[in-house]
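**Student:** Supplied in structure tokens, the structure appears directly below.
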Amino acid sequence: MYTDKKNILQLAALLKAHGIRKIVLCPGSRDIPIVQTLARMPEFTCYPVTDERSAGFFALGLALNENRPAAVCCTSGSALLNLHPAVAEAFYQQVPLVVLSADRPGAWIGQMDGQTLPQPGVFGGLVKKSVSLPEIKDSEDEWFCNRLINEALLELNHHGQGPVHINIPVSQPFFNFPTAEIPPARVISRYEGNEAIHRFIRIFKQYSRRMMVVGQMNPKNALSRQTAEALAPHFAWMTENISNQAAPPNAIRHIEPVLAALGKDRWEEMRPDLLVTYGGHIISGRLKKFLRSCPPAEHWHIAPDGQVADVFQSLTAVVEMDPYRFLTETAPLISGTASGYPALWNDVCRTLDEADFPFSEMGAVGKVMRSLPPSSVLHLANSSVVRYAQLFNLPPDIEVLSNRGTNGIEGSLSTAAGYASASGKLNFVLIGDLSFFYDMNALWNSNYGNNLRILLLNNSGGEIFHALPGLDVQPATTRFVIASHQTSARAWAEDRGFRYLSARNEEELEDASALFTQETGLPQPLLLEVFTDKEKDVELLKTYYHNLKK
């Protein structure tokens, strides 16, 4: 029988799945649930060693003998520190050694409780990866625990071999062993080169409901037409305008409206069996909810650094390869009848018209995006603006940039100004008032020229907060949460040499946007400030999504 501690059960299952077969076990009380569970599994050969200093080197010898990972397990407190010399040797000799340490719950560290010290990260830079598992109380804890164990064990042989440390907090009671079988746990694998391609082709053939999701990609790169045409019929492609030219022309680019029109009651029938992802961040919150609630059987993520990124909580394989190379080399190997799965999504798309709003922030974004000159550059600030931009079509030759690495409001204008200063194209910046005023010093230099044009959406505060479901902001706290203000950029813009334009209604916006998007060169940079009412904007947006469901 095995422990009832779910983090230990996950650990046991994944040690087995990742090929660990020999484990050195040290005595103690806090590690009893770990020791008893591992010792009773027939897949493991276990060795009892009392002295942790010796145990670590004993495990090192096991790993050296077979040239495969071995593990050593100890109890909490100073027992772990006694493994330090062996860990250092394993690091510099590049030996795959797994250190398993039982720990007291975090609340008791530094509280004069016995055998306690800060164990997470205790080996510093002498391990390739150090994780501390959560004690599992809900499904998110379970996913997090699973991901951490996979990450640590994958690192044993990633870009050279070396030791890793997995710390396991164990609360009382820890002498219960009611579990008859070790439950299965999700295994994340990592592949490279030809192995990745050949394994993927086998997986590809097993499933017909295939989806490709493309995150943010560099605008300077593009998926070749030949590769796109070969792959397009076999996948339902989901992408956003920050993906630039990283997906076929027939990809679904308005993810939020499509999923809203589909309705959650139909999400299950649209579930993919195979999900392939590449690129950076995804903007769509609905897509994240859809794929987390309707997870695929297989999720392959293609990333040059080979790091685990499990945003949809379903990752099964990481391909360490440039995405374009992977897709280019995979495309000629894919054969067979095109899947009917993309047609299910295309049927939903055909029911939707392009978003169209009256005078509002959304209306201003749509009007400018529809009128952008060919081969210009579009910079999207974070918060509401980057989300609005996903509602509208965009010419394929437009470069799109946005600071989606951390999604903060700071620096959007400065990044755009820096890009524009080195660009020979017209650069358009779409930005909200809080982002603009937060970063207004981006214009406090002389490095920009007349190719910079800024659309400033000013609704006197943070509109996104009004749109958050369940948020009821009291009048007394509005200025703290919403950041309400009555500021205009006119004086600052004119002082910095910009030609200033403004719009407070549809007619003024029509006139100003015509000049703002004029292709021929103008002697000055432009700033168009559009003033809207945040409450009306929010209601228009809510009405738009509500009508999609009808």
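Labels used: A, B, ... for chains in the order of the structure tokens, numbers from 1 for residues in each chain, and numbers from 1 for ligands as shown.
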Looking only at alpha helix (DSSP H) from DSSP on the backbone, list the matching residues of stretch 24-263 of chain A as number ranges by chain.
**Tutor:** A: 32-39, 52-66, 78-81, 84-93, 139-154, 193-206, 225-231, 255-262
**Student:** Find the residues near A:Val368: any atom within 7 Å, counting only C-alpha atoms, skip ones fewer than 3 places away on the same chain, and give them as number ranges by chain.
**Tutor:** A: 364-365, 371-372, 513, 517
**Student:** Tell me, as a PyMOL selection string, which residues lie within 9 Å of stretch 308-321 of chain A, counting only C-alpha atoms; anything in the same chain fewer than 4 positions away does not count.
**Tutor:** chain A and resi 143-144+147+150-151+186-193+196-197+275+287-293+295-304+325-326
**Student:** One decimal, in Å: what's the spacing between atom CA of A:Val24 and atom CA of A:Glu181?
**Tutor:**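 Spanning atom CA of A:Val24 to atom CA of A:Glu181 is a straight-line distance of 22.1 Å.
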**Student:** Just want the 9 Å neighbourhood of stretch 349-362 of chain A, counted on only C-alpha atoms, with same-chain residues fewer than 6 positions away dropped. Output as a list in words.
**Tutor:**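 Surrounding residues, per the criterion: Ile252, His254, Pro257, Val258, Ala261, Val385, Tyr388, Ala389, Leu391, Phe392, Asn393, Leu457, Asn458, Asn459, Arg504, Asn505, Glu506, Leu509, Val530, Phe531, Thr532, Asp533, Lys534, Lys536, Asp537, Leu540, Leu541, Tyr544 and Leu548 of chain A.
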**Student:** Using only C-alpha atoms, determine which residues lie at most 10 Å from stretch 103-116 of chain A, disregarding the query and same-chain residues fewer than 6 positions distant; provide the list as an mmCIF file with C-alpha atoms, in the first residue's frame.
**Tutor:**
data_model
loop_
_atom_site.group_PDB
_atom_site.id
_atom_site.type_symbol
_atom_site.label_atom_id
_atom_site.label_comp_id
_atom_site.auth_asym_id
_atom_site.auth_seq_id
_atom_site.Cartn_x
_atom_site.Cartn_y
_atom_site.Cartn_z
ATOM 1 C CA ARG A 30 9.339 13.184 7.693
ATOM 2 C CA ASP A 31 10.346 11.180 4.611
ATOM 3 C CA CYS A 74 16.430 12.204 2.723
ATOM 4 C CA THR A 75 14.372 13.619 5.566
ATOM 5 C CA SER A 76 13.997 17.304 6.451
ATOM 6 C CA GLY A 77 16.453 19.700 8.088
ATOM 7 C CA SER A 78 20.226 19.360 8.212
ATOM 8 C CA ALA A 79 20.009 15.911 6.598
ATOM 9 C CA LEU A 80 19.633 17.712 3.291
ATOM 10 C CA SER A 132 9.404 22.732 -4.248
ATOM 11 C CA LEU A 133 6.143 20.866 -4.693
ATOM 12 C CA PRO A 134 2.810 22.105 -3.387
ATOM 13 C CA GLU A 135 0.742 20.009 -1.052
ATOM 14 C CA ASN A 167 11.642 19.362 -2.347
ATOM 15 C CA ILE A 168 8.477 17.732 -0.969
ATOM 16 C CA PRO A 169 6.577 19.374 1.912
ATOM 17 C CA VAL A 170 4.764 16.730 3.964
ATOM 18 C CA SER A 171 2.075 17.589 6.527
ATOM 19 C CA GLN A 172 0.824 15.334 9.274
#
**Student:** DSSP on the backbone: what in stretch 33-233 of chain A comes out strand (DSSP E), as a PyMOL selection string?
**Tutor:** chain A and resi 45-48+70-74+97-103+129-132+164-169+189-192+210-214
**Student:** So that I can check the surroundings of A:Leu333, please list as a ChimeraX atom specification every protein, DNA and RNA residue that reaches within 12 Å of it, counting only C-alpha atoms and ignoring chain neighbours fewer than 5 positions away.
**Tutor:** /A:194,197-202,204-205,227,230-231,326-328
**Student:** Ranking A:Val99, A:Ala491, A:Met41, A:Leu452 by minimum distance to A:Ile182 and counting only C-alpha atoms, which one comes first?
**Tutor:** A:Met41
**Student:** Can you tell me, as number ranges by chain, what residues are no more than 10 Å from A:Val72 when counting only C-alpha atoms, ignoring any on the same chain fewer than 5 positions away?
**Tutor:** A: 22-26, 46-49, 52, 55-60, 83, 97-101, 165
**Student:** Create the file for the chosen residues now, containing C-alpha atoms and written as a PDB file, in the first residue's frame.
**Tutor:**
ATOM      1  CA  LYS A  22      17.686   3.096  -8.612  1.00  0.00           C
ATOM      2  CA  ILE A  23      17.029   5.099  -5.458  1.00  0.00           C
ATOM      3  CA  VAL A  24      19.073   5.515  -2.261  1.00  0.00           C
ATOM      4  CA  LEU A  25      16.834   5.905   0.796  1.00  0.00           C
ATOM      5  CA  CYS A  26      17.965   7.578   4.029  1.00  0.00           C
ATOM      6  CA  CYS A  46      16.208   0.754  -3.410  1.00  0.00           C
ATOM      7  CA  TYR A  47      19.370   0.970  -1.292  1.00  0.00           C
ATOM      8  CA  PRO A  48      19.298   1.880   2.434  1.00  0.00           C
ATOM      9  CA  VAL A  49      22.141   4.209   3.515  1.00  0.00           C
ATOM     10  CA  GLU A  52      23.426  11.248   4.024  1.00  0.00           C
ATOM     11  CA  ALA A  55      24.245   8.302   0.522  1.00  0.00           C
ATOM     12  CA  GLY A  56      24.694  11.143  -1.941  1.00  0.00           C
ATOM     13  CA  PHE A  57      27.971   9.772  -3.243  1.00  0.00           C
ATOM     14  CA  PHE A  58      26.547   6.224  -3.278  1.00  0.00           C
ATOM     15  CA  ALA A  59      23.789   7.464  -5.567  1.00  0.00           C
ATOM     16  CA  LEU A  60      26.420   9.251  -7.651  1.00  0.00           C
ATOM     17  CA  LEU A  83      24.052  15.913   0.517  1.00  0.00           C
ATOM     18  CA  LEU A  97      21.362  12.893  -9.855  1.00  0.00           C
ATOM     19  CA  VAL A  98      17.869  13.440  -8.414  1.00  0.00           C
ATOM     20  CA  VAL A  99      17.789  14.782  -4.854  1.00  0.00           C
ATOM     21  CA  LEU A 100      14.464  14.178  -3.092  1.00  0.00           C
ATOM     22  CA  SER A 101      14.030  15.991   0.220  1.00  0.00           C
ATOM     23  CA  HIS A 165      16.481  18.976  -6.517  1.00  0.00           C
TER      24      HIS A 165
END
**Student:** Given the choices A:Asp138, A:Glu535, A:Glu329, A:Asp273, which gets closest to A:Ser224 if the distance is worked out from only C-alpha atoms?
**Tutor:**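 Among the listed residues, A:Glu329 lies closest to A:Ser224.
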**Student:** For the atom pair atom CA of A:Phe44 and atom CA of A:Val131, what is the interatomic distance in Å to one decimal place?
**Tutor:**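 So the answer is 22.3 Å.
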**Student:** Just give me the gap between atom CA of A:Leu156 and atom CA of A:His281 in Å, one decimal is fine.
**Tutor:**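 Atom CA of A:Leu156 sits 26.9 Å away from atom CA of A:His281.
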